[in-house]
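The data block below is work_12.txt; it holds compact mmCIF, C-alpha atoms.
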```txt
# COMPACT_ATOMS: atom_id res chain seq x y z
CA MET A 1 75.25 89.74 58.50
CA LEU A 2 73.64 89.15 61.85
CA GLY A 3 76.93 88.53 63.54
CA MET A 4 77.97 85.58 65.61
CA LYS A 5 78.57 84.56 69.14
CA ILE A 6 82.01 84.22 70.60
CA THR A 7 83.38 83.97 74.12
CA VAL A 8 85.60 86.76 75.34
CA ASN A 9 87.25 86.36 78.73
CA GLY A 10 84.72 83.77 79.76
CA GLN A 11 81.64 85.71 78.67
CA THR A 12 79.61 84.94 75.61
CA ARG A 13 78.93 87.96 73.47
CA PRO A 14 77.48 88.68 70.06
CA THR A 15 79.85 90.38 67.69
CA GLU A 16 79.81 91.97 64.27
CA ALA A 17 83.60 91.73 64.12
CA CYS A 18 85.18 89.70 61.33
CA THR A 19 88.74 89.82 62.60
CA VAL A 20 90.62 90.15 65.87
CA ALA A 21 91.37 93.78 64.98
CA ASP A 22 87.64 94.43 64.44
CA LEU A 23 86.84 92.87 67.79
CA LEU A 24 89.35 95.05 69.61
CA ALA A 25 87.86 98.10 67.87
CA GLU A 26 84.36 96.99 68.82
CA MET A 27 85.48 96.72 72.43
CA GLY A 28 87.18 100.10 72.37
CA MET A 29 90.59 98.53 72.79
CA SER A 30 92.30 99.45 69.53
CA GLY A 31 95.87 100.52 70.08
CA LYS A 32 95.81 99.48 73.70
CA PRO A 33 98.42 97.09 75.05
CA VAL A 34 96.35 93.95 74.68
CA ALA A 35 97.60 90.39 74.28
CA VAL A 36 95.17 88.16 72.40
CA GLU A 37 94.71 84.43 72.50
CA ARG A 38 92.29 82.80 70.08
CA ASN A 39 91.37 79.23 70.81
CA LYS A 40 94.48 78.83 72.94
CA HIS A 41 96.83 80.29 70.33
CA VAL A 42 98.54 83.62 70.85
CA VAL A 43 97.77 86.04 68.03
CA PRO A 44 100.59 88.58 67.59
CA ARG A 45 99.58 92.14 66.88
CA ARG A 46 100.74 92.04 63.26
CA ASP A 47 98.23 89.23 62.66
CA HIS A 48 95.26 90.94 64.28
CA LYS A 49 93.89 92.25 60.97
CA ARG A 50 94.19 88.99 59.09
CA THR A 51 93.05 86.66 61.84
CA GLU A 52 89.38 85.94 61.13
CA LEU A 53 86.92 85.07 63.82
CA ALA A 54 84.56 82.13 63.66
CA GLU A 55 81.37 81.24 65.50
CA GLY A 56 82.15 79.84 68.93
CA ASP A 57 85.70 81.18 69.10
CA VAL A 58 87.15 81.46 72.56
CA ILE A 59 89.10 84.66 72.95
CA GLU A 60 91.21 85.62 75.92
CA LEU A 61 92.46 89.16 76.32
CA VAL A 62 94.94 90.43 78.87
CA THR A 63 96.20 93.96 79.10
CA LEU A 64 99.13 95.83 80.44
CA VAL A 65 98.50 98.46 83.09
CA GLY A 66 100.54 101.61 83.48
CA GLY A 67 99.79 102.82 87.00
CA GLY A 68 101.51 101.96 90.17
CA MET B 1 125.82 83.84 111.60
CA THR B 2 123.16 81.42 112.76
CA GLN B 3 121.88 84.01 115.17
CA SER B 4 121.46 86.51 112.40
CA LEU B 5 119.08 84.12 110.68
CA ASP B 6 116.74 83.88 113.67
CA ARG B 7 114.44 86.60 112.47
CA TYR B 8 113.83 84.65 109.26
CA HIS B 9 112.88 81.45 111.09
CA ARG B 10 109.29 81.33 109.83
CA GLN B 11 110.29 81.45 106.21
CA ILE B 12 113.31 79.19 106.68
CA LEU B 13 110.77 76.58 107.83
CA LEU B 14 109.30 76.56 104.33
CA PRO B 15 110.52 73.64 102.22
CA CYS B 16 111.13 75.99 99.32
CA PHE B 17 113.38 78.13 101.49
CA GLY B 18 115.54 76.53 104.15
CA GLU B 19 118.72 78.11 105.48
CA GLU B 20 120.34 77.81 102.10
CA GLY B 21 117.57 79.83 100.52
CA GLN B 22 117.82 82.45 103.20
CA ARG B 23 121.53 82.83 102.61
CA LYS B 24 120.91 83.19 98.90
CA LEU B 25 118.47 85.98 99.60
CA LEU B 26 120.88 87.71 101.96
CA GLY B 27 123.55 87.54 99.27
CA SER B 28 121.42 89.09 96.56
CA THR B 29 120.64 92.56 95.27
CA ALA B 30 117.26 93.81 94.10
CA LEU B 31 116.56 97.06 92.33
CA ILE B 32 113.22 98.61 93.18
CA LEU B 33 112.26 100.98 90.41
CA GLY B 34 109.95 103.60 91.82
CA CYS B 35 108.79 103.87 95.41
CA GLY B 36 105.09 104.68 95.28
CA ALA B 37 102.23 102.31 96.04
CA LEU B 38 103.86 99.29 94.39
CA GLY B 39 107.41 100.19 95.38
CA THR B 40 106.75 100.78 99.08
CA MET B 41 105.12 97.36 99.35
CA ASN B 42 107.88 95.73 97.26
CA ALA B 43 110.55 97.34 99.43
CA SER B 44 108.83 96.57 102.71
CA MET B 45 108.33 92.88 101.97
CA LEU B 46 111.76 92.33 100.40
CA ALA B 47 113.48 94.06 103.32
CA ARG B 48 111.54 91.94 105.81
CA ALA B 49 112.35 88.78 103.84
CA GLY B 50 116.03 89.63 104.08
CA VAL B 51 117.14 90.52 100.58
CA GLY B 52 120.69 91.58 101.39
CA ARG B 53 120.81 94.71 99.32
CA LEU B 54 118.02 96.93 98.07
CA ILE B 55 118.51 99.81 95.70
CA ILE B 56 115.46 102.07 95.75
CA ILE B 57 115.10 104.78 93.12
CA ASP B 58 112.33 107.36 93.05
CA ARG B 59 112.10 110.91 91.83
CA ASP B 60 109.19 112.15 93.92
CA PHE B 61 108.41 113.69 97.28
CA ILE B 62 105.70 112.40 99.58
CA GLU B 63 102.29 114.03 99.33
CA LEU B 64 99.16 113.72 101.41
CA THR B 65 97.30 111.85 98.66
CA ASN B 66 100.02 109.15 98.73
CA LEU B 67 99.15 108.02 102.25
CA GLN B 68 95.98 106.24 101.12
CA ARG B 69 98.11 103.45 99.62
CA GLN B 70 101.87 104.00 100.01
CA ILE B 71 102.52 102.00 103.11
CA LEU B 72 105.92 103.21 104.26
CA PHE B 73 105.01 106.88 104.63
CA ASN B 74 103.30 109.00 107.25
CA GLU B 75 102.01 112.52 107.85
CA ALA B 76 105.34 113.79 109.14
CA ASP B 77 106.95 112.80 105.83
CA VAL B 78 104.36 114.91 104.03
CA ALA B 79 104.92 117.88 106.32
CA ASN B 80 108.68 117.67 105.91
CA ALA B 81 108.62 117.20 102.12
CA ILE B 82 110.89 114.17 102.29
CA PRO B 83 111.84 112.38 99.06
CA LYS B 84 110.18 108.98 98.84
CA ALA B 85 113.42 107.04 98.41
CA ALA B 86 114.98 108.71 101.46
CA ALA B 87 111.91 108.17 103.65
CA ALA B 88 111.69 104.54 102.55
CA LYS B 89 115.31 103.93 103.50
CA GLU B 90 114.76 105.46 106.92
CA LYS B 91 111.68 103.33 107.61
CA LEU B 92 113.21 100.13 106.26
CA SER B 93 116.39 100.55 108.32
CA GLY B 94 114.18 100.40 111.39
CA ILE B 95 112.53 97.23 110.11
CA ASN B 96 115.70 95.37 109.14
CA SER B 97 119.05 96.86 110.08
CA ASP B 98 120.94 93.78 108.84
CA ILE B 99 120.52 94.61 105.19
CA GLU B 100 121.97 97.37 103.07
CA ILE B 101 119.58 99.90 101.61
CA ILE B 102 120.73 102.31 98.95
CA SER B 103 118.30 105.12 98.21
CA VAL B 104 118.54 107.25 95.10
CA VAL B 105 116.46 110.39 94.51
CA ASP B 106 116.47 110.66 90.75
CA ASP B 107 114.41 110.34 87.62
CA ILE B 108 115.04 106.98 85.97
CA ASN B 109 115.92 107.45 82.35
CA HIS B 110 117.75 105.84 79.46
CA ALA B 111 120.98 107.59 80.37
CA ASN B 112 121.19 106.28 83.93
CA LEU B 113 119.29 103.03 84.42
CA GLU B 114 122.14 100.73 83.37
CA ARG B 115 124.41 102.55 85.81
CA TYR B 116 121.93 102.13 88.66
CA CYS B 117 121.77 98.44 87.80
CA GLY B 118 125.55 98.21 88.17
CA LEU B 119 125.97 97.34 84.50
CA THR B 120 128.18 100.11 83.20
CA GLU B 121 131.93 100.45 83.41
CA GLY B 122 132.85 102.10 86.69
CA SER B 123 129.30 102.11 88.08
CA GLU B 124 129.33 102.71 91.83
CA TYR B 125 126.30 100.40 92.19
CA PRO B 126 126.40 96.62 92.62
CA ARG B 127 125.13 94.49 89.74
CA VAL B 128 121.49 93.77 90.45
CA ASP B 129 120.03 90.27 90.36
CA VAL B 130 116.49 91.37 89.64
CA ILE B 131 114.57 94.50 88.65
CA VAL B 132 111.29 94.99 90.51
CA ASP B 133 108.70 97.25 88.92
CA GLY B 134 107.27 99.97 91.13
CA VAL B 135 106.94 102.68 88.52
CA ASP B 136 103.89 104.63 87.37
CA ASN B 137 104.46 104.98 83.63
CA PHE B 138 105.03 102.85 80.54
CA GLU B 139 108.17 104.55 79.35
CA THR B 140 110.21 103.48 82.36
CA ARG B 141 108.78 99.98 82.09
CA TYR B 142 109.85 99.62 78.47
CA LEU B 143 113.25 100.96 79.41
CA ALA B 144 113.53 98.44 82.26
CA ASN B 145 112.48 95.73 79.79
CA ASP B 146 115.31 96.75 77.43
CA VAL B 147 117.87 96.66 80.24
CA ALA B 148 116.58 93.28 81.42
CA VAL B 149 116.82 91.69 77.97
CA LYS B 150 120.12 93.30 77.02
CA HIS B 151 121.87 92.18 80.21
CA GLY B 152 119.95 89.03 81.08
CA ILE B 153 118.40 90.26 84.33
CA PRO B 154 114.92 89.07 85.36
CA TYR B 155 112.37 91.89 85.35
CA ILE B 156 109.26 91.57 87.48
CA TYR B 157 106.50 93.65 85.94
CA GLY B 158 103.49 94.86 87.91
CA GLY B 159 100.97 97.62 87.31
CA ALA B 160 97.67 98.74 88.79
CA VAL B 161 95.07 101.39 88.21
CA GLY B 162 91.47 101.73 89.34
CA THR B 163 90.49 98.34 90.74
CA PHE B 164 92.53 96.53 88.11
CA GLY B 165 96.03 95.10 88.16
CA ALA B 166 98.45 93.14 85.99
CA GLN B 167 101.54 91.17 86.89
CA TYR B 168 104.08 89.17 84.91
CA ALA B 169 107.67 87.97 85.35
CA ILE B 170 110.12 88.34 82.48
CA LEU B 171 112.94 85.83 82.45
CA PRO B 172 114.64 87.27 79.43
CA HIS B 173 116.00 85.57 76.34
CA THR B 174 119.70 86.38 76.38
CA GLU B 175 122.10 86.76 73.48
CA LYS B 176 124.06 83.63 74.37
CA GLY B 177 121.06 81.71 75.63
CA ASP B 178 122.96 80.50 78.68
CA ALA B 179 121.07 82.14 81.56
CA PRO B 180 120.07 79.59 84.22
CA TRP B 181 116.35 79.99 83.45
CA GLU B 182 116.87 79.36 79.73
CA LYS B 183 117.47 75.66 80.26
CA LEU B 184 114.42 75.00 82.36
CA PRO B 185 111.66 76.12 82.41
CA GLY B 186 112.72 78.42 79.62
CA ALA B 187 112.85 82.14 79.10
CA THR B 188 109.60 84.10 78.94
CA PRO B 189 108.60 86.68 76.33
CA CYS B 190 109.54 90.26 77.06
CA LEU B 191 107.12 93.18 77.18
CA ARG B 192 107.81 93.97 73.55
CA CYS B 193 107.17 90.38 72.46
CA ILE B 194 103.69 90.80 73.87
CA PHE B 195 103.01 94.51 73.38
CA GLU B 196 105.53 95.63 70.80
CA GLN B 197 104.81 99.34 71.01
CA MET B 198 104.54 101.34 74.16
CA PRO B 199 100.99 102.72 74.39
CA PRO B 200 100.87 106.38 73.41
CA PRO B 201 100.18 108.88 76.21
CA GLY B 202 96.54 109.45 77.02
CA LEU B 203 95.32 106.16 75.62
CA THR B 204 95.29 104.11 78.80
CA PRO B 205 93.76 105.19 82.11
CA THR B 206 96.01 106.49 84.84
CA CYS B 207 95.62 106.91 88.58
CA ASP B 208 95.02 110.58 87.63
CA THR B 209 91.99 109.91 85.51
CA VAL B 210 90.33 106.97 87.21
CA GLY B 211 91.84 106.76 90.69
CA VAL B 212 93.26 103.66 92.32
CA LEU B 213 92.12 101.35 95.11
CA GLY B 214 94.85 100.78 97.70
CA PRO B 215 94.47 97.00 98.09
CA VAL B 216 94.77 96.22 94.40
CA VAL B 217 98.19 97.83 94.29
CA SER B 218 99.24 95.92 97.41
CA ILE B 219 98.06 92.65 95.89
CA ILE B 220 99.95 93.24 92.66
CA ALA B 221 103.05 94.37 94.57
CA ASN B 222 102.98 91.23 96.69
CA LEU B 223 102.60 89.03 93.64
CA GLU B 224 105.70 90.76 92.31
CA VAL B 225 107.47 90.03 95.59
CA VAL B 226 106.60 86.33 95.35
CA GLU B 227 108.08 86.10 91.86
CA THR B 228 111.10 88.14 92.95
CA ILE B 229 111.82 85.74 95.80
CA LYS B 230 111.51 82.74 93.45
CA VAL B 231 114.01 84.37 91.12
CA LEU B 232 116.46 85.25 93.89
CA LEU B 233 116.28 81.69 95.24
CA GLY B 234 117.05 80.44 91.74
CA ASN B 235 113.78 78.55 91.64
CA PHE B 236 112.92 79.53 88.08
CA ALA B 237 110.69 76.53 87.50
CA ALA B 238 108.32 77.94 90.12
CA VAL B 239 107.96 81.31 88.38
CA ARG B 240 104.37 81.76 87.17
CA PRO B 241 104.57 81.72 83.36
CA THR B 242 101.44 83.77 82.80
CA MET B 243 100.39 87.36 82.39
CA LEU B 244 97.86 87.87 85.15
CA ASN B 245 94.99 90.34 85.09
CA ILE B 246 92.82 90.85 88.14
CA ASP B 247 89.94 93.14 88.91
CA VAL B 248 89.18 93.11 92.60
CA TRP B 249 85.83 94.86 92.14
CA GLU B 250 84.57 92.83 89.19
CA ASN B 251 85.97 89.71 90.87
CA THR B 252 87.78 88.58 87.76
CA TYR B 253 91.05 86.72 87.74
CA ARG B 254 92.45 85.82 84.35
CA GLN B 255 95.79 84.67 83.15
CA LEU B 256 97.28 83.99 79.77
CA LYS B 257 100.15 81.63 79.12
CA ILE B 258 102.17 83.68 76.73
CA ALA B 259 105.40 81.77 76.16
CA LYS B 260 104.37 81.42 72.50
CA ALA B 261 104.39 85.18 72.05
CA TYR B 262 108.15 84.94 71.59
CA ASP B 263 107.91 82.21 68.96
CA VAL B 264 105.13 83.70 66.87
CA GLY B 265 106.38 87.26 67.15
CA ASP B 266 109.29 89.16 65.69
CA CYS B 267 110.41 91.05 68.78
CA PRO B 268 112.78 93.93 68.08
CA CYS B 269 114.18 93.61 71.58
CA CYS B 270 114.51 89.84 72.24
CA LYS B 271 115.07 88.63 68.69
CA HIS B 272 116.78 91.53 66.97
CA ARG B 273 118.61 92.78 70.05
CA LYS B 274 117.57 96.35 69.31
CA PHE B 275 117.31 98.30 72.54
CA GLU B 276 115.51 101.38 71.37
CA PHE B 277 114.51 102.61 74.80
CA ILE B 278 118.07 102.40 76.13
CA ASP B 279 119.23 104.16 72.98
CA GLY B 280 116.79 106.96 73.73
CA PHE B 281 114.84 106.72 70.47
CA PHE B 282 111.56 106.68 72.35
CA GLY B 283 112.54 108.75 75.37
CA SER B 284 110.60 111.91 75.98
CA SER B 285 111.43 114.93 78.00
CA THR B 286 108.04 115.34 79.62
CA THR B 287 105.97 112.84 81.57
CA THR B 288 102.48 113.17 82.96
CA LEU B 289 102.62 111.89 86.52
CA CYS B 290 100.20 109.19 87.55
CA GLY B 291 97.82 110.09 90.35
CA ARG B 292 98.49 113.78 90.15
CA ASN B 293 97.59 116.68 87.98
CA ALA B 294 101.25 117.25 87.13
CA VAL B 295 103.91 117.10 84.42
CA GLN B 296 107.58 116.37 84.90
CA LEU B 297 110.17 117.97 82.65
CA THR B 298 113.52 116.35 82.18
CA HIS B 299 116.25 118.36 80.56
CA LYS B 300 119.25 116.91 78.86
CA GLN B 301 122.68 117.90 80.09
CA GLY B 302 123.65 121.34 78.91
CA HIS B 303 120.07 122.53 78.62
CA VAL B 304 119.41 122.96 82.27
CA GLY B 305 119.24 126.57 83.37
CA THR B 306 121.11 128.71 80.88
CA GLY B 307 122.36 131.25 83.43
CA SER B 308 126.03 131.76 84.16
CA HIS B 309 125.91 129.82 87.42
CA SER B 310 124.26 126.77 85.98
CA GLY B 311 124.91 123.77 83.82
CA GLY B 312 124.63 119.98 83.86
CA GLY B 313 122.03 119.96 86.58
CA GLY B 314 123.97 122.34 88.79
CA MET B 315 121.46 125.18 88.89
CA ASN B 316 122.00 128.19 91.05
CA PHE B 317 119.26 127.50 93.52
CA ASP B 318 119.57 130.70 95.56
CA GLU B 319 119.24 132.87 92.52
CA ILE B 320 116.25 130.96 91.21
CA ALA B 321 114.58 130.98 94.63
CA ASP B 322 115.00 134.76 94.84
CA ARG B 323 113.42 135.16 91.44
CA LEU B 324 110.53 132.90 92.29
CA ARG B 325 109.79 134.73 95.56
CA LYS B 326 108.56 137.65 93.47
CA HIS B 327 105.80 135.44 92.14
CA GLY B 328 104.64 133.54 95.16
CA LYS B 329 105.44 131.52 98.25
CA VAL B 330 108.72 129.61 98.00
CA THR B 331 109.98 126.77 100.17
CA ALA B 332 113.41 125.26 99.70
CA ASN B 333 115.60 122.57 101.17
CA LYS B 334 118.76 120.86 99.99
CA PHE B 335 116.79 118.66 97.62
CA MET B 336 114.44 121.13 95.97
CA ILE B 337 112.77 124.51 95.57
CA ARG B 338 109.01 124.66 95.54
CA ALA B 339 107.07 127.71 94.44
CA GLU B 340 103.35 128.36 94.45
CA LEU B 341 102.59 130.41 91.39
CA THR B 342 99.55 131.96 89.80
CA ASP B 343 99.73 132.11 86.05
CA ASN B 344 96.92 133.35 83.87
CA GLY B 345 94.63 133.12 86.86
CA ASN B 346 95.44 129.45 87.42
CA PRO B 347 97.39 128.13 90.40
CA TYR B 348 100.47 126.00 89.78
CA GLU B 349 103.08 124.50 91.99
CA LEU B 350 106.53 124.37 90.46
CA THR B 351 109.14 122.13 92.04
CA LEU B 352 112.76 122.21 90.93
CA PHE B 353 115.23 119.51 91.86
CA THR B 354 118.99 119.74 92.13
CA ASP B 355 119.45 117.44 89.17
CA GLY B 356 117.64 119.86 86.86
CA ARG B 357 114.25 118.19 86.77
CA ALA B 358 111.08 120.15 87.31
CA ILE B 359 107.56 119.11 88.22
CA VAL B 360 104.75 121.45 87.29
CA LYS B 361 101.61 120.69 89.27
CA GLY B 362 98.28 122.10 88.17
CA THR B 363 98.30 120.81 84.60
CA LYS B 364 98.46 117.61 82.61
CA GLU B 365 99.50 119.44 79.45
CA SER B 366 103.17 119.27 78.66
CA ASN B 367 103.05 122.51 76.72
CA ILE B 368 101.61 124.38 79.69
CA ALA B 369 104.24 122.83 81.93
CA ARG B 370 106.95 123.90 79.50
CA SER B 371 105.52 127.36 79.42
CA ILE B 372 105.48 127.67 83.21
CA TYR B 373 109.03 126.38 83.35
CA ALA B 374 110.15 128.75 80.65
CA LYS B 375 108.48 131.75 82.31
CA TYR B 376 109.64 131.23 85.85
CA VAL B 377 112.85 129.27 85.54
CA GLY B 378 114.10 129.88 82.01
CA ALA B 379 114.33 127.18 79.39
```

Whole structure, structure tokens version:
Amino acid sequence: MLGMKITVNGQTRPTEACTVADLLAEMGMSGKPVAVERNKHVVPRRDHKRTELAEGDVIELVTLVGGG
Amino acid sequence: MTQSLDRYHRQILLPCFGEEGQRKLLGSTALILGCGALGTMNASMLARAGVGRLIIIDRDFIELTNLQRQILFNEADVANAIPKAAAAKEKLSGINSDIEIISVVDDINHANLERYCGLTEGSEYPRVDVIVDGVDNFETRYLANDVAVKHGIPYIYGGAVGTFGAQYAILPHTEKGDAPWEKLPGATPCLRCIFEQMPPPGLTPTCDTVGVLGPVVSIIANLEVVETIKVLLGNFAAVRPTMLNIDVWENTYRQLKIAKAYDVGDCPCCKHRKFEFIDGFFGSSTTTLCGRNAVQLTHKQGHVGTGSHSGGGGMNFDEIADRLRKHGKVTANKFMIRAELTDNGNPYELTLFTDGRAIVKGTKESNIARSIYAKYVGA
């Protein structure tokens, strides 16, 4: 598997990830308070593991910040 | 009455405001949770805009490292060890003496937040119209989220660390579904719809670990103020329905429309009406403080100071101060005792408050903080 290209927050990147959960792990964001949108659809956390990625997917990630 | 509106002339000119809007603002109450970098900006702008009543709660005292970004404070406040909430009230009264400012020096927790929001039987506080986020930790934010959803009060979230910030307005789904915003444009998902679990400690960066740029906090705080004003004017359709992320150094500005998070999720808070933070299931008794190398210890009633002169937060300060003087320099005023201690070769600063809280500076480890507390105060 050579991986595929997807767009994350406006930037194209190669990924080995098969699922949303894999992608978050690849980006070092596992367990972090991240909201995920895949191709304009919100993906709830409980679906991260079973939501598969496809070539050309457009992923948006926003996070919660704790400081202030 | 007309004369008293003169100072607001420039915002009354705005089509979205008018005199009617100004009167709405003057008749409303906002709770500002936390009075650090976000909270001082929130409080300053809301006081200037003429929100009739501000309740400001903060547990901390002003330190030199706060002045880089906490706009209401000055060097004299640091020298005099003034609590943030008290100093904010003093400064704001000089900015707008027409409004009422209630300052509370306390730790916000699951046992008192509903009371401070004026939501409990016999609360001495007015019912708040909005909760504005100026806190520095997730636990208080999830608690505020619970209170907002349970009682149908808009909660304006904001957070910042490093050069990064996030902001989002929660117009909560209520039990009856009859809040004014639920007709149009519709309620927005709560924090738990989007991020069901509070992030565990240590997982996300804090001002302690990565620092914070002053302007990013001001920007986020002002975005919160904008949404707060929309809410107080009743202009819910204007509320930005997105979670915003900005990085002022990377020059990124992203937002996600997350209304669907409620529909696709199974939120314990919004949908199942389980308020686990209010119920104290997730409350902890120690908190690492953002921006400082310090841990706060909160003790439940009955566990504070076990000596004969103590109980329920009423510690015998004189006795404790005398004991602490044997170990190092002690300063005390009516709000607190502060002792500089050396333990195991390491310097710590222990601060005790009249309500039974303690802050141990010099460590991020709760067990070390507990140990210091136990050794020098008595757990």

Go through B:Tyr125, B:Gly165, B:Arg23, B:Pro347 one by one, measure the shortest atom-to-atom distance of each to Tyr253 of chain B using only C-alpha atoms, and give the residue with the smallest value.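 For Tyr253 of chain B, the nearest of the given residues is B:Gly165.
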
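Every protein, DNA or RNA residue with an atom at most 6 Å from Val8 of chain A, where all atoms listed in the file count and chain neighbours fewer than 3 positions away do not, is listed here: Gln11, Ile59 and Glu60 of chain A.
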
Return as a Markdown table the residues of chain A lying at most 8 Å from chain B, together with the closest atom-to-atom pair for each and the distance in Å to one decimal, counting all atoms listed in the file, with rows in chain order and ascending residue number.
```
| residue | atom | partner | partner_atom | distance |
| --- | --- | --- | --- | --- |
| A:Asn9 | CA | B:Arg254 | CA | 7.7 |
| A:Gly31 | CA | B:Pro199 | CA | 7.0 |
| A:Lys32 | CA | B:Pro199 | CA | 6.1 |
| A:Pro33 | CA | B:Phe195 | CA | 5.5 |
| A:Val34 | CA | B:Phe195 | CA | 6.8 |
| A:Ala35 | CA | B:Ile194 | CA | 6.1 |
| A:Glu37 | CA | B:Leu256 | CA | 7.7 |
| A:His41 | CA | B:Lys260 | CA | 7.9 |
| A:Val42 | CA | B:Ala261 | CA | 6.2 |
| A:Val43 | CA | B:Ala261 | CA | 7.8 |
| A:Pro44 | CA | B:Gly265 | CA | 6.0 |
| A:Arg45 | CA | B:Phe195 | CA | 7.7 |
| A:Glu60 | CA | B:Leu256 | CA | 7.4 |
| A:Leu61 | CA | B:Leu256 | CA | 7.9 |
| A:Val62 | CA | B:Asn245 | CA | 6.2 |
| A:Thr63 | CA | B:Asn245 | CA | 7.1 |
| A:Leu64 | CA | B:Ala166 | CA | 6.2 |
| A:Val65 | CA | B:Gly159 | CA | 5.0 |
| A:Gly66 | CA | B:Asn137 | CA | 5.2 |
| A:Gly67 | CA | B:Asp136 | CA | 4.5 |
| A:Gly68 | CA | B:Asp136 | CA | 4.5 |
```

Determine, counting only C-alpha atoms, every residue of protein, DNA or RNA that lies within 8 Å of (109.2, 78.7, 82.0) in the file coordinates, then give the result as a tab-separated table (two decimals) with C-alpha atoms, keeping the file's coordinate frame.
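Output saved as result_10.tsv:
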```tsv
chain	number	residue	atom	x	y	z
B	181	TRP	CA	116.35	79.99	83.45
B	184	LEU	CA	114.42	75.00	82.36
B	185	PRO	CA	111.66	76.12	82.41
B	186	GLY	CA	112.72	78.42	79.62
B	187	ALA	CA	112.85	82.14	79.10
B	188	THR	CA	109.60	84.10	78.94
B	236	PHE	CA	112.92	79.53	88.08
B	237	ALA	CA	110.69	76.53	87.50
B	239	VAL	CA	107.96	81.31	88.38
B	240	ARG	CA	104.37	81.76	87.17
B	241	PRO	CA	104.57	81.72	83.36
B	259	ALA	CA	105.40	81.77	76.16
```

Enter the distance from atom CA of Val149 of chain B to atom CA of Pro172 of chain B, in Å, rounded to one decimal.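 Between atom CA of Val149 of chain B and atom CA of Pro172 of chain B the gap is 5.1 Å.
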
Could you pull the residues within 8 Å of Met45 of chain B, counting all atoms listed in the file, minus those fewer than 3 positions along the same chain, as a ChimeraX atom specification? /B:41-42,48-49,222,225

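Straight-line separation from atom CA of Val51 of chain B to atom CA of Leu25 of chain B: 4.8 Å.
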
Name the residues in contact with Ala17 of chain A at a cut-off of 8 Å, using all atoms listed in the file, excluding same-chain residues fewer than 5 positions from it; report them as a list of chain:residue names.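 So, after excluding close chain neighbours, the residues are A:Gly3, A:Asp22, A:Leu23, A:Glu26, A:Leu53.
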
Between atom CA of Cys117 of chain B and atom CA of Leu26 of chain B lies a distance of 17.8 Å

Test item: residues at most 7 Å from Ile56 of chain B, all atoms listed in the file, excluding those fewer than 5 positions along its chain, as a list in words: Leu31, Ile32, Leu33, Gly34, Cys35, Ala85, Ile102, Ser103 and Val104 of chain B

Could you pull the residues within 8 Å of segment 278-281 of chain B, counting only C-alpha atoms, minus those fewer than 3 positions along the same chain, as an MDAnalysis selection string? chainID B and resid 110:111 143 146:147 275

Using all atoms listed in the file, which residue out of A:Ala54, A:Arg13, A:Met4, A:Arg46 lies closest to Met27 of chain A?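 Ranked by minimum distance to Met27 of chain A, first place goes to A:Arg13.
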
With all atoms of segment 129-133 of chain B from the file as input, state the centre and edge lengths in Å to one decimal of the axis-aligned box that has 8 Å extra on each side, as AutoDock Vina command-line options.
```
--center_x 114.4 --center_y 93.8 --center_z 89.6 --size_x 27.3 --size_y 23.0 --size_z 17.9
```
